[in-house]
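Data block for input_2.txt (compact mmCIF, C-alpha atoms and all ligand atoms):
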```
# COMPACT_ATOMS: atom_id res chain seq x y z
CA MET A 1456 -2.81 -1.34 -3.01
CA PRO A 1457 -4.66 0.32 -5.88
CA ASN A 1458 -8.42 -0.07 -5.53
CA ASP A 1459 -10.23 2.11 -8.02
CA ARG A 1460 -10.41 1.22 -11.64
CA ASN A 1461 -12.71 1.89 -14.49
CA GLN A 1462 -11.86 -1.02 -16.76
CA HIS A 1463 -14.72 -2.85 -18.35
CA VAL A 1464 -14.86 -6.56 -17.62
CA ILE A 1465 -14.18 -8.33 -20.88
CA ASP A 1466 -13.00 -11.63 -19.50
CA GLN A 1467 -15.05 -12.64 -16.53
CA ASN A 1468 -14.23 -16.31 -16.50
CA PRO A 1469 -11.76 -16.76 -13.69
CA HIS A 1470 -12.23 -20.55 -13.86
CA GLU A 1471 -10.67 -21.03 -17.24
CA ALA A 1472 -7.09 -22.29 -17.05
CA ALA A 1473 -4.35 -20.32 -18.79
CA ILE A 1474 -0.86 -19.09 -18.07
CA PHE A 1475 -0.64 -15.41 -17.15
CA GLY A 1476 2.23 -12.98 -16.99
CA GLY A 1477 5.76 -14.27 -17.12
CA GLY A 1478 9.21 -12.92 -16.55
CA LYS A 1479 11.71 -12.61 -13.82
CA SER A 1480 10.35 -11.14 -10.64
CA LEU A 1481 6.95 -11.13 -8.97
CA ALA A 1482 5.63 -9.21 -5.96
CA LEU A 1483 3.22 -11.08 -3.68
CA TYR A 1484 0.55 -9.40 -1.53
CA VAL A 1485 -1.23 -11.37 1.20
CA HIS A 1486 -4.39 -9.87 2.74
CA TRP A 1487 -5.36 -10.69 6.34
CA PRO A 1488 -8.85 -9.18 6.78
CA PHE A 1489 -9.28 -9.24 10.56
CA CYS A 1490 -8.78 -6.59 13.25
CA ARG A 1491 -9.45 -6.47 16.98
CA SER A 1492 -11.68 -3.42 16.52
CA LYS A 1493 -12.68 -1.26 13.58
CA CYS A 1494 -11.19 2.24 13.57
CA PRO A 1495 -13.81 4.89 12.72
CA TYR A 1496 -11.81 6.40 9.81
CA CYS A 1497 -10.85 3.14 8.10
CA ASP A 1498 -12.43 1.78 4.93
CA PHE A 1499 -9.89 -0.96 4.30
CA ASN A 1500 -11.27 -4.48 3.89
CA SER A 1501 -11.01 -5.19 7.62
CA HIS A 1502 -13.49 -6.95 9.87
CA VAL A 1503 -13.99 -7.88 13.51
CA ARG A 1504 -14.95 -11.51 14.17
CA ASP A 1505 -15.55 -13.30 17.48
CA ALA A 1506 -13.47 -16.23 16.30
CA VAL A 1507 -11.32 -17.03 13.28
CA ASP A 1508 -10.81 -20.65 12.23
CA GLN A 1509 -7.05 -20.36 11.90
CA ALA A 1510 -6.50 -23.73 10.21
CA ARG A 1511 -9.14 -22.99 7.54
CA TRP A 1512 -7.67 -19.56 6.87
CA ARG A 1513 -4.12 -20.89 6.61
CA ASP A 1514 -5.24 -23.63 4.21
CA GLY A 1515 -7.29 -21.14 2.16
CA LEU A 1516 -4.38 -18.73 1.69
CA LEU A 1517 -2.01 -21.59 0.83
CA ARG A 1518 -4.49 -23.02 -1.65
CA GLU A 1519 -4.96 -19.71 -3.46
CA LEU A 1520 -1.20 -19.20 -3.55
CA GLU A 1521 -0.82 -22.60 -5.19
CA TYR A 1522 -3.49 -21.68 -7.75
CA PHE A 1523 -1.53 -18.58 -8.78
CA ALA A 1524 1.71 -20.55 -8.88
CA ASN A 1525 0.05 -22.95 -11.34
CA VAL A 1526 -1.29 -20.25 -13.67
CA THR A 1527 1.70 -17.90 -13.75
CA ASN A 1528 5.23 -18.18 -14.96
CA TYR A 1529 7.88 -16.31 -12.96
CA ARG A 1530 11.39 -17.10 -11.85
CA GLU A 1531 11.33 -15.58 -8.39
CA VAL A 1532 9.48 -13.57 -5.79
CA GLY A 1533 11.17 -10.21 -5.12
CA SER A 1534 8.92 -9.07 -2.26
CA ILE A 1535 6.08 -10.29 -0.06
CA PHE A 1536 3.76 -7.92 1.80
CA PHE A 1537 1.35 -9.07 4.53
CA GLY A 1538 -1.27 -6.30 4.72
CA GLY A 1539 -4.67 -5.90 6.24
CA GLY A 1540 -6.57 -5.68 8.40
CA THR A 1541 -4.08 -6.52 11.07
CA PRO A 1542 -1.68 -9.22 9.91
CA SER A 1543 0.22 -9.02 13.21
CA LEU A 1544 -2.77 -11.02 14.51
CA MET A 1545 -1.83 -13.90 12.20
CA PRO A 1546 -0.30 -16.96 13.82
CA PRO A 1547 3.45 -16.75 13.00
CA ALA A 1548 3.23 -20.40 11.83
CA THR A 1549 0.78 -19.29 9.08
CA VAL A 1550 3.13 -16.49 8.02
CA ALA A 1551 6.01 -18.99 7.92
CA ALA A 1552 3.95 -21.49 5.89
CA ILE A 1553 3.07 -18.84 3.27
CA ILE A 1554 6.68 -17.69 2.95
CA GLU A 1555 7.88 -21.29 2.61
CA ALA A 1556 5.21 -22.05 0.02
CA ALA A 1557 6.16 -18.96 -2.03
CA ALA A 1558 9.80 -20.03 -1.94
CA SER A 1559 8.93 -23.52 -3.10
CA HIS A 1560 6.46 -22.51 -5.87
CA TRP A 1561 8.90 -19.97 -7.28
CA SER A 1562 12.08 -19.11 -5.45
CA CYS A 1563 12.77 -16.12 -3.26
CA ALA A 1564 15.23 -13.47 -4.47
CA GLU A 1565 18.39 -13.45 -2.37
CA ASP A 1566 17.46 -10.02 -1.01
CA VAL A 1567 13.71 -10.70 -0.83
CA GLU A 1568 11.84 -8.02 1.16
CA ILE A 1569 9.17 -9.50 3.45
CA THR A 1570 7.02 -6.84 5.15
CA LEU A 1571 4.24 -7.29 7.68
CA GLU A 1572 1.86 -4.55 8.87
CA ALA A 1573 1.63 -4.53 12.64
CA ASN A 1574 -0.74 -2.78 15.00
CA PRO A 1575 0.94 -1.57 18.23
CA THR A 1576 -1.82 -3.22 20.27
CA SER A 1577 -1.16 -6.68 18.90
CA VAL A 1578 2.56 -6.96 19.39
CA GLU A 1579 4.71 -8.17 22.18
CA ALA A 1580 8.35 -9.19 22.10
CA ARG A 1581 7.56 -12.89 21.78
CA LYS A 1582 5.23 -12.40 18.80
CA PHE A 1583 7.75 -10.14 17.03
CA ALA A 1584 10.51 -12.69 17.60
CA ASP A 1585 8.31 -15.47 16.18
CA LEU A 1586 7.38 -13.36 13.14
CA ARG A 1587 11.07 -12.62 12.56
CA ALA A 1588 11.84 -16.35 12.82
CA ALA A 1589 9.04 -16.96 10.28
CA GLY A 1590 11.03 -14.89 7.77
CA VAL A 1591 9.58 -11.36 8.08
CA ASN A 1592 12.44 -8.86 7.63
CA ARG A 1593 10.54 -5.55 7.58
CA VAL A 1594 7.71 -4.26 9.73
CA SER A 1595 5.31 -1.38 9.11
CA LEU A 1596 3.65 -0.20 12.33
CA GLY A 1597 0.29 1.60 12.37
CA VAL A 1598 1.27 4.20 14.96
CA GLN A 1599 -1.02 6.95 13.51
CA SER A 1600 -0.10 9.52 16.17
CA LEU A 1601 2.27 10.13 19.06
CA ASP A 1602 -0.31 12.21 20.89
CA ASP A 1603 -2.76 10.49 23.28
CA ARG A 1604 -5.64 12.88 22.53
CA ALA A 1605 -5.28 12.31 18.79
CA LEU A 1606 -5.11 8.53 19.33
CA ALA A 1607 -8.37 8.67 21.33
CA PHE A 1608 -10.01 10.72 18.56
CA LEU A 1609 -8.85 8.13 16.00
CA GLY A 1610 -10.41 5.37 18.11
CA ARG A 1611 -7.10 3.59 18.56
CA GLU A 1612 -6.67 1.15 21.39
CA HIS A 1613 -3.01 2.01 22.01
CA SER A 1614 -1.37 4.96 23.78
CA ALA A 1615 1.59 7.04 22.56
CA GLU A 1616 3.71 5.14 25.09
CA ASP A 1617 2.59 1.76 23.64
CA ALA A 1618 3.47 3.04 20.17
CA LYS A 1619 6.96 4.13 21.24
CA HIS A 1620 7.54 0.79 22.90
CA ALA A 1621 6.41 -1.07 19.75
CA ILE A 1622 8.68 1.06 17.52
CA ILE A 1623 11.75 0.45 19.67
CA LEU A 1624 10.99 -3.26 19.95
CA SER A 1625 10.47 -3.61 16.19
CA GLN A 1626 13.82 -1.92 15.53
CA ARG A 1627 15.56 -4.35 17.87
CA ILE A 1628 14.05 -7.41 16.23
CA PHE A 1629 13.66 -6.66 12.50
CA PRO A 1630 16.38 -5.53 10.07
CA ARG A 1631 14.01 -2.82 8.74
CA SER A 1632 11.17 -1.01 10.44
CA SER A 1633 8.78 1.78 9.42
CA PHE A 1634 5.75 3.41 10.96
CA ASP A 1635 2.63 5.27 9.78
CA LEU A 1636 1.37 8.64 10.98
CA ILE A 1637 -1.88 10.42 10.05
CA TYR A 1638 -2.01 14.23 9.91
CA ALA A 1639 -4.57 16.97 9.15
CA LEU A 1640 -6.65 16.03 12.18
CA PRO A 1641 -9.22 18.53 13.57
CA GLU A 1642 -7.57 21.49 15.33
CA GLN A 1643 -4.10 20.44 14.18
CA THR A 1644 -1.89 23.44 13.52
CA GLN A 1645 1.58 23.84 12.06
CA ALA A 1646 2.95 24.18 15.59
CA THR A 1647 1.33 21.01 16.98
CA TRP A 1648 2.24 19.02 13.87
CA ARG A 1649 5.88 20.21 13.99
CA HIS A 1650 6.03 19.09 17.60
CA GLU A 1651 4.68 15.62 16.74
CA LEU A 1652 7.04 15.30 13.77
CA ALA A 1653 9.97 16.13 16.05
CA ASP A 1654 8.88 13.31 18.39
CA ALA A 1655 8.63 10.96 15.42
CA LEU A 1656 12.10 11.93 14.20
CA ASN A 1657 13.56 10.92 17.55
CA LEU A 1658 12.21 7.43 16.92
CA VAL A 1659 12.38 6.88 13.17
CA GLU A 1660 15.09 4.69 11.71
CA SER A 1661 14.98 4.81 7.93
CA HIS A 1662 11.38 4.89 6.66
CA LEU A 1663 8.21 6.79 7.61
CA SER A 1664 4.76 6.91 5.97
CA VAL A 1665 2.74 10.08 6.59
CA TYR A 1666 -0.87 10.09 5.39
CA GLN A 1667 -3.28 12.99 5.26
CA LEU A 1668 -6.55 12.00 6.97
CA THR A 1669 -9.10 11.07 4.31
CA ILE A 1670 -12.77 11.10 5.26
CA GLU A 1671 -14.01 7.95 3.56
CA LYS A 1672 -17.70 7.55 2.66
CA GLY A 1673 -19.46 4.90 4.74
CA THR A 1674 -17.17 5.22 7.76
CA PRO A 1675 -18.34 6.56 11.15
CA PHE A 1676 -16.01 9.56 10.56
CA TYR A 1677 -17.96 10.43 7.43
CA GLY A 1678 -21.21 10.73 9.45
CA ASP A 1679 -19.52 12.83 12.18
CA TRP A 1680 -17.95 15.11 9.62
CA ARG A 1681 -21.18 15.54 7.61
CA ARG A 1682 -23.06 16.43 10.81
CA GLY A 1683 -20.39 19.01 11.63
CA ASP A 1684 -19.35 17.32 14.90
CA TRP A 1685 -15.83 18.44 14.03
CA VAL A 1686 -14.06 19.96 11.05
CA THR A 1687 -10.85 18.97 9.33
CA PRO A 1688 -8.29 21.72 8.62
CA GLU A 1689 -9.07 23.83 5.53
CA GLU A 1690 -7.42 22.86 2.28
CA ALA A 1691 -4.83 25.62 2.57
CA ILE A 1692 -3.82 24.43 6.05
CA GLY A 1693 -3.67 20.82 4.80
CA ALA A 1694 -1.32 22.01 2.05
CA GLU A 1695 0.84 23.83 4.61
CA LEU A 1696 1.07 20.68 6.76
CA PHE A 1697 2.06 18.68 3.66
CA GLU A 1698 4.84 21.19 2.97
CA VAL A 1699 6.02 21.22 6.61
CA THR A 1700 6.22 17.41 6.49
CA ARG A 1701 8.27 17.37 3.30
CA GLU A 1702 10.66 20.10 4.44
CA THR A 1703 11.21 18.73 7.93
CA LEU A 1704 11.79 15.17 6.79
CA THR A 1705 14.00 16.16 3.85
CA ASP A 1706 16.15 18.29 6.18
CA THR A 1707 16.70 15.25 8.41
CA GLY A 1708 17.72 12.90 5.61
CA LEU A 1709 14.31 11.30 4.97
CA PRO A 1710 13.19 12.81 1.64
CA ALA A 1711 9.79 11.95 0.19
CA TYR A 1712 10.16 9.31 -2.50
CA GLU A 1713 6.38 9.14 -2.95
CA ILE A 1714 3.54 11.50 -1.95
CA SER A 1715 3.16 9.94 1.51
CA ASN A 1716 6.37 7.95 1.90
CA HIS A 1717 9.78 9.07 3.16
CA ALA A 1718 13.00 7.08 3.36
CA ARG A 1719 16.72 7.29 3.62
CA PRO A 1720 18.03 6.60 0.09
CA GLY A 1721 18.02 2.83 -0.51
CA GLU A 1722 15.44 2.17 2.22
CA GLU A 1723 12.34 2.63 0.05
CA SER A 1724 9.63 -0.07 0.22
CA ARG A 1725 10.52 -2.33 -2.69
CA HIS A 1726 7.11 -3.96 -2.63
CA ASN A 1727 5.22 -0.68 -2.98
CA LEU A 1728 7.61 0.40 -5.75
CA ALA A 1729 6.30 -2.63 -7.68
CA TYR A 1730 2.79 -1.04 -7.60
CA TRP A 1731 4.00 2.46 -8.40
CA LEU A 1732 6.11 1.25 -11.31
CA SER A 1733 3.39 -1.07 -12.67
CA ARG A 1734 5.44 -4.22 -12.16
CA ASP A 1735 3.77 -7.62 -11.90
CA TYR A 1736 2.14 -8.62 -8.64
CA ILE A 1737 -0.40 -11.12 -7.41
CA GLY A 1738 -2.66 -10.68 -4.40
CA ILE A 1739 -4.09 -13.50 -2.32
CA GLY A 1740 -6.79 -13.20 0.35
CA PRO A 1741 -10.14 -11.35 0.44
CA GLY A 1742 -10.31 -8.23 -1.70
CA ALA A 1743 -6.70 -8.55 -2.88
CA HIS A 1744 -5.80 -7.39 -6.39
CA GLY A 1745 -3.24 -8.64 -8.88
CA ARG A 1746 -1.78 -7.22 -12.10
CA LEU A 1747 0.20 -9.23 -14.59
CA ALA A 1748 1.57 -7.71 -17.80
CA GLN A 1749 0.03 -9.26 -20.88
CA ASN A 1750 0.90 -8.25 -24.44
CA ALA A 1751 0.55 -4.44 -24.60
CA GLY A 1752 -1.91 -4.36 -21.68
CA ALA A 1753 -2.31 -6.38 -18.49
CA MET A 1754 -4.52 -8.94 -16.81
CA ALA A 1755 -6.11 -7.75 -13.55
CA PHE A 1756 -7.41 -10.10 -10.86
CA ASP A 1757 -9.91 -9.05 -8.19
CA GLN A 1758 -10.55 -11.47 -5.35
CA HIS A 1759 -13.93 -11.70 -3.55
CA ARG A 1760 -14.02 -9.00 -0.90
CA ALA A 1761 -16.18 -10.56 1.85
CA PRO A 1762 -13.95 -12.85 3.95
CA GLU A 1763 -16.42 -15.74 4.16
CA THR A 1764 -17.34 -15.56 0.45
CA TRP A 1765 -13.65 -15.60 -0.46
CA LEU A 1766 -12.91 -18.56 1.83
CA GLU A 1767 -15.83 -20.60 0.48
CA ALA A 1768 -14.81 -19.87 -3.11
CA VAL A 1769 -11.24 -20.98 -2.42
CA GLU A 1770 -12.43 -24.15 -0.73
CA THR A 1771 -14.72 -25.07 -3.61
CA GLN A 1772 -12.74 -23.93 -6.66
CA GLY A 1773 -9.17 -23.40 -5.48
CA HIS A 1774 -9.14 -19.61 -5.78
CA GLY A 1775 -11.28 -16.61 -4.78
CA THR A 1776 -11.01 -14.60 -8.01
CA LYS A 1777 -14.27 -12.73 -8.62
CA ASN A 1778 -13.25 -10.93 -11.80
CA ARG A 1779 -10.44 -11.40 -14.21
CA ILE A 1780 -10.24 -8.26 -16.26
CA SER A 1781 -8.30 -7.48 -19.38
CA VAL A 1782 -6.68 -4.05 -19.11
CA SER A 1783 -6.24 -2.38 -22.51
CA ALA A 1784 -3.05 -0.61 -23.60
CA ASN A 1785 -4.76 2.76 -23.10
CA GLU A 1786 -5.90 1.87 -19.59
CA ARG A 1787 -2.40 0.61 -18.85
CA LEU A 1788 -1.04 4.05 -19.86
CA GLU A 1789 -3.53 5.78 -17.52
CA GLU A 1790 -2.60 3.48 -14.66
CA ALA A 1791 1.11 3.89 -15.29
CA LEU A 1792 0.76 7.69 -15.01
CA MET A 1793 -1.60 7.55 -12.02
CA MET A 1794 0.80 5.35 -10.08
CA GLY A 1795 4.21 6.42 -11.42
CA LEU A 1796 3.72 10.17 -11.07
CA ARG A 1797 3.19 9.68 -7.32
CA LEU A 1798 6.93 8.97 -7.12
CA THR A 1799 9.27 11.93 -6.61
CA SER A 1800 11.57 10.50 -9.27
CA GLY A 1801 8.58 9.85 -11.56
CA ILE A 1802 8.78 7.26 -14.33
CA PRO A 1803 12.24 6.68 -15.86
CA HIS A 1804 12.25 6.36 -19.68
CA ASP A 1805 13.10 2.65 -19.69
CA GLU A 1806 10.31 1.86 -17.20
CA PHE A 1807 7.84 3.91 -19.26
CA LYS A 1808 8.78 1.97 -22.39
CA ARG A 1809 8.47 -1.35 -20.54
CA ILE A 1810 5.02 -0.55 -19.17
CA VAL A 1811 3.45 1.33 -22.07
CA GLY A 1812 5.41 -0.16 -24.98
CA ASN A 1813 6.18 3.30 -26.34
CA THR A 1814 8.18 6.44 -25.56
CA VAL A 1815 6.68 9.30 -23.55
CA GLU A 1816 6.69 11.53 -26.65
CA ALA A 1817 4.87 8.93 -28.74
CA ALA A 1818 2.34 7.93 -26.06
CA LEU A 1819 1.22 11.37 -24.83
CA ASP A 1820 -0.46 14.31 -26.53
CA ALA A 1821 2.28 16.93 -27.10
CA THR A 1822 0.01 19.98 -26.64
CA ARG A 1823 -1.34 18.77 -23.30
CA LEU A 1824 2.11 17.71 -22.10
CA ASN A 1825 3.75 21.02 -23.05
CA ARG A 1826 1.00 23.02 -21.36
CA LEU A 1827 1.70 21.19 -18.09
CA ILE A 1828 5.46 21.56 -18.53
CA ASP A 1829 5.09 25.32 -19.19
CA GLY A 1830 2.77 25.62 -16.17
CA GLY A 1831 5.45 24.13 -13.93
CA PHE A 1832 3.53 20.95 -13.04
CA ILE A 1833 5.46 18.32 -15.02
CA VAL A 1834 9.11 17.83 -16.00
CA LEU A 1835 10.30 15.73 -18.92
CA ASP A 1836 14.08 15.37 -19.12
CA LYS A 1837 16.84 12.80 -19.49
CA ALA A 1838 15.78 11.03 -16.28
CA GLY A 1839 12.15 10.58 -17.33
CA LEU A 1840 8.70 12.03 -16.69
CA ARG A 1841 7.83 13.37 -13.25
CA ALA A 1842 5.56 15.79 -11.39
CA THR A 1843 7.03 18.91 -9.77
CA PRO A 1844 6.15 19.61 -6.09
CA ALA A 1845 3.34 21.89 -7.37
CA GLY A 1846 2.13 19.07 -9.64
CA LEU A 1847 2.25 16.51 -6.83
CA MET A 1848 -0.02 18.66 -4.67
CA ARG A 1849 -2.76 18.56 -7.34
CA LEU A 1850 -1.96 15.28 -9.03
CA ASP A 1851 -5.60 14.45 -9.88
CA SER A 1852 -6.01 17.68 -11.87
CA VAL A 1853 -2.63 17.17 -13.56
CA LEU A 1854 -3.65 13.68 -14.65
CA GLY A 1855 -6.99 15.00 -15.89
CA ALA A 1856 -5.22 17.67 -17.94
CA LEU A 1857 -2.69 15.19 -19.29
CA LEU A 1858 -5.17 12.51 -20.34
CA GLY A 1859 -8.24 14.60 -21.16
C1 LIG A 1901 -4.29 -1.07 6.21
S1 LIG A 1901 -3.90 0.05 7.42
C2 LIG A 1901 -3.10 -1.23 8.38
C3 LIG A 1901 -2.40 -0.90 9.61
C4 LIG A 1901 -2.81 -1.64 10.87
N1 LIG A 1901 -4.03 -2.36 10.75
C5 LIG A 1901 -3.01 -0.59 11.91
O1 LIG A 1901 -4.04 0.10 11.84
O2 LIG A 1901 -2.14 -0.45 12.76
C6 LIG A 1901 -2.55 0.98 6.70
C7 LIG A 1901 -2.47 2.44 7.07
O3 LIG A 1901 -3.38 3.22 6.33
C8 LIG A 1901 -3.58 4.45 6.98
N2 LIG A 1901 -4.99 4.82 6.89
C9 LIG A 1901 -6.05 4.01 6.99
N3 LIG A 1901 -7.20 4.72 6.82
C10 LIG A 1901 -6.84 6.01 6.60
C11 LIG A 1901 -7.57 7.24 6.37
N4 LIG A 1901 -8.89 7.27 6.30
N5 LIG A 1901 -6.86 8.38 6.18
C12 LIG A 1901 -5.51 8.37 6.22
N6 LIG A 1901 -4.77 7.24 6.45
C13 LIG A 1901 -5.43 6.08 6.65
C14 LIG A 1901 -3.12 4.25 8.43
O4 LIG A 1901 -1.98 5.05 8.66
C15 LIG A 1901 -2.79 2.79 8.49
O5 LIG A 1901 -1.71 2.51 9.34
S1 LIG A 1902 -6.73 1.18 10.63
FE1 LIG A 1902 -5.82 -0.86 10.86
S2 LIG A 1902 -6.62 -1.62 12.86
FE2 LIG A 1902 -7.91 0.07 12.27
S3 LIG A 1902 -9.63 -0.92 11.23
FE3 LIG A 1902 -8.16 -0.25 9.64
S4 LIG A 1902 -6.92 -2.00 9.27
FE4 LIG A 1902 -7.97 -2.38 11.23
```
If you convert what's in this file into structure tokens, what do you get?
Amino acid sequence: MPNDRNQHVIDQNPHEAAIFGGGKSLALYVHWPFCRSKCPYCDFNSHVRDAVDQARWRDGLLRELEYFANVTNYREVGSIFFGGGTPSLMPPATVAAIIEAAASHWSCAEDVEITLEANPTSVEARKFADLRAAGVNRVSLGVQSLDDRALAFLGREHSAEDAKHAIILSQRIFPRSSFDLIYALPEQTQATWRHELADALNLVESHLSVYQLTIEKGTPFYGDWRRGDWVTPEEAIGAELFEVTRETLTDTGLPAYEISNHARPGEESRHNLAYWLSRDYIGIGPGAHGRLAQNAGAMAFDQHRAPETWLEAVETQGHGTKNRISVSANERLEEALMMGLRLTSGIPHDEFKRIVGNTVEAALDATRLNRLIDGGFIVLDKAGLRATPAGLMRLDSVLGALLG
């Protein structure tokens, strides 16, 4: 879920009633902010609590969902994504209640994709079966590594064996299953990473997310890294590992469809495609974001980040929106490029026109665009606008050069 934005707040009255967005399909994100323990690398909005009042949390999420149903105008929900935190810690009855409420406020598309992020430590067959019965049809497992030493370094509570067991179980129970790996760990080499990827390929079904370790400010890893307790692989090695990942997975029928995401054709995450292609989505729960197209720009919603602040706001006013921000047409263009160029297939012409309200040629500066095309970083052809592999590896600089 996109987090960083530089829009100025020009409409900070989330209490005022109005109807936002409108159209056919909506993507729904549900944030569950609790975890059993906090991993030292993670800066997601995730918290450890001694006890969670499950009934209050269920009611809070349902109430905020109802608020958004009342102020938006869509025909159906195309995808639901339970993210976190660790949503596999949610009571399956709460997951079922949210899915049922979404289907009754709008309706669910016939092929609705309902994903839930699961941590290998919080799953057992019974829980998976109950989540499946609740309506979840896709699971994304936070495996992170298939090597016990790496898992210990990452502060994970599961072993490689637990992860394998959870992957196999998830594939038995859910129609679609994916898992996450993190690479570019200290001392990782091409050889060790190839070995781990081979293990992963023996287990993967049709979708795999592979993230390069990011050292996030404010995390315990940031302090360790600053002190020099360990070093991450140099940039050139990180780039090699990125290339090895793309080659290996493409050769086995799992091409990258986004910088960090690989799938057999047709098995891409539909929910995440809604973010990357700037489609409309709402987010409920602490720290969730929403984006609804509005005239030439969009309306952005940011929910209170602290779990207790969010819950109190929902209980007193029906929603936990902290800021409602109007995104200008220019900012919408920046966002469309930032998100869409992450996709291997880039932004098709019709999608570009839908998001930006103009053609690529009319919306972008020709000199800047041509310089990037001549440099081999961007392609503009009949299919649309996309980054080349060289462009993808330095996407931030490409965006800087494109937008000035
Ligand atoms: C929101 S987390 C949820 C997954 C679930 N809570 C778990 O940990 O099993 C989504 C994914 O982001 C990735 N991630 C989180 N922090 C990261 C970091 N600093 N660098 C790279 N990947 C990270 C992990 O692969 C993780 O599975
Ligand atoms: S990586 Fe997952 S389990 Fe670990 S703190 Fe972050 S959200 Fe929680």
Interatomic distance (Å, one decimal) between CA of Val1769 (chain A) and CA of Arg1511 (chain A) =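 Between CA of Val1769 (chain A) and CA of Arg1511 (chain A) the gap works out to 10.4 Å.
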Kindly provide, as a ChimeraX atom specification, all nucleotide and amino acid residues lying within 10 Å of ligand LIG 1902 (chain A), counting all atoms listed in the file.
-> /A:1487-1503,1538-1542,1572-1577,1596-1599,1609-1612
Looking at A:Glu1713, A:Glu1660, A:Glu1671, A:Glu1616, which one is nearest to ligand LIG 1901 (chain A), with distances taken over all atoms listed in the file?
->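 Of A:Glu1713, A:Glu1660, A:Glu1671, A:Glu1616, the one nearest ligand LIG 1901 (chain A) is A:Glu1671, counting all atoms listed in the file.
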Padding of 5 Å on every side, edges along x, y and z, all listed atoms of region 1482-1496 of chain A included: what centre and edge lengths in Å, to one decimal, does that box have, as lines of an AutoDock Vina configuration file?
```
center_x = -4.1
center_y = -2.5
center_z = 5.5
size_x = 29.4
size_y = 27.8
size_z = 32.9
```
I'd like the neighbourhood of Trp1765 (chain A) as a PDB file with C-alpha atoms, in the coordinates of the input, where a residue qualifies if any of its atoms comes within 6 Å (using all atoms listed in the file), though same-chain residues fewer than 5 positions away should be ignored.
```
ATOM      1  CA  PRO A1741     -10.140 -11.350   0.440  1.00  0.00           C
ATOM      2  CA  HIS A1759     -13.930 -11.700  -3.550  1.00  0.00           C
ATOM      3  CA  GLY A1775     -11.280 -16.610  -4.780  1.00  0.00           C
TER       4      GLY A1775
END
```
Excluding same-chain residues fewer than 6 positions from Ser1733 (chain A), what lies within 8 Å of it counting only C-alpha atoms, as a PyMOL selection string?
-> chain A and resi 1790-1791+1794-1795+1810
Please produce a file of the residues just selected, as a tab-separated table (two decimals), in the coordinates of the input, where the atoms kept are C-alpha atoms.
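So the final result, stored in again.tsv, reads:
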```tsv
chain	number	residue	atom	x	y	z
A	1790	GLU	CA	-2.60	3.48	-14.66
A	1791	ALA	CA	1.11	3.89	-15.29
A	1794	MET	CA	0.80	5.35	-10.08
A	1795	GLY	CA	4.21	6.42	-11.42
A	1810	ILE	CA	5.02	-0.55	-19.17
```
Shortest interatomic distance to Ser1781 (chain A) - which of A:His1560, A:Arg1797, A:Arg1746, A:His1613, counting all atoms listed in the file =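 Of A:His1560, A:Arg1797, A:Arg1746, A:His1613, the one nearest Ser1781 (chain A) is A:Arg1746, counting all atoms listed in the file.
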Spatial neighbours of region 1695-1705 of chain A, max dist 10 Å, all atoms listed in the file, sep filter under 6 positions, as an mmCIF file with C-alpha atoms, in the frame of the given file:
```cif
data_model
loop_
_atom_site.group_PDB
_atom_site.id
_atom_site.type_symbol
_atom_site.label_atom_id
_atom_site.label_comp_id
_atom_site.auth_asym_id
_atom_site.auth_seq_id
_atom_site.Cartn_x
_atom_site.Cartn_y
_atom_site.Cartn_z
ATOM 1 C CA TYR A 1638 -2.010 14.230 9.910
ATOM 2 C CA ALA A 1639 -4.570 16.970 9.150
ATOM 3 C CA GLN A 1643 -4.100 20.440 14.180
ATOM 4 C CA THR A 1644 -1.890 23.440 13.520
ATOM 5 C CA GLN A 1645 1.580 23.840 12.060
ATOM 6 C CA ALA A 1646 2.950 24.180 15.590
ATOM 7 C CA TRP A 1648 2.240 19.020 13.870
ATOM 8 C CA ARG A 1649 5.880 20.210 13.990
ATOM 9 C CA LEU A 1652 7.040 15.300 13.770
ATOM 10 C CA ALA A 1653 9.970 16.130 16.050
ATOM 11 C CA LEU A 1656 12.100 11.930 14.200
ATOM 12 C CA LEU A 1663 8.210 6.790 7.610
ATOM 13 C CA VAL A 1665 2.740 10.080 6.590
ATOM 14 C CA TYR A 1666 -0.870 10.090 5.390
ATOM 15 C CA GLN A 1667 -3.280 12.990 5.260
ATOM 16 C CA PRO A 1688 -8.290 21.720 8.620
ATOM 17 C CA GLU A 1689 -9.070 23.830 5.530
ATOM 18 C CA ALA A 1711 9.790 11.950 0.190
ATOM 19 C CA ILE A 1714 3.540 11.500 -1.950
ATOM 20 C CA SER A 1715 3.160 9.940 1.510
ATOM 21 C CA ASN A 1716 6.370 7.950 1.900
ATOM 22 C CA HIS A 1717 9.780 9.070 3.160
ATOM 23 C CA ALA A 1718 13.000 7.080 3.360
ATOM 24 C CA ARG A 1719 16.720 7.290 3.620
ATOM 25 C CA PRO A 1844 6.150 19.610 -6.090
ATOM 26 C CA MET A 1848 -0.020 18.660 -4.670
#
```
Residue with smallest distance to Glu1568 (chain A) - pool A:Leu1624, A:Ile1828, A:Ala1482, A:Leu1850, counting only C-alpha atoms |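 Nearest to Glu1568 (chain A): A:Ala1482.
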CA of Ser1480 (chain A) and CA of Glu1531 (chain A) are how many Å apart?
-> 5.1 Å
Quick one: of A:Phe1475, A:Phe1523, A:Trp1731, A:Phe1536, who's nearest to ligand LIG 1901 (chain A), counting only C-alpha atoms and all ligand atoms?
->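 The shortest atom-to-atom distance to ligand LIG 1901 (chain A) comes from A:Phe1536.
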Which one is closest to ligand LIG 1901 (chain A): A:Pro1675, A:Gly1855, A:Gly1738, A:Gly1831? Count all atoms listed in the file.
->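 Ranking A:Pro1675, A:Gly1855, A:Gly1738, A:Gly1831 by distance to ligand LIG 1901 (chain A), first place goes to A:Pro1675.
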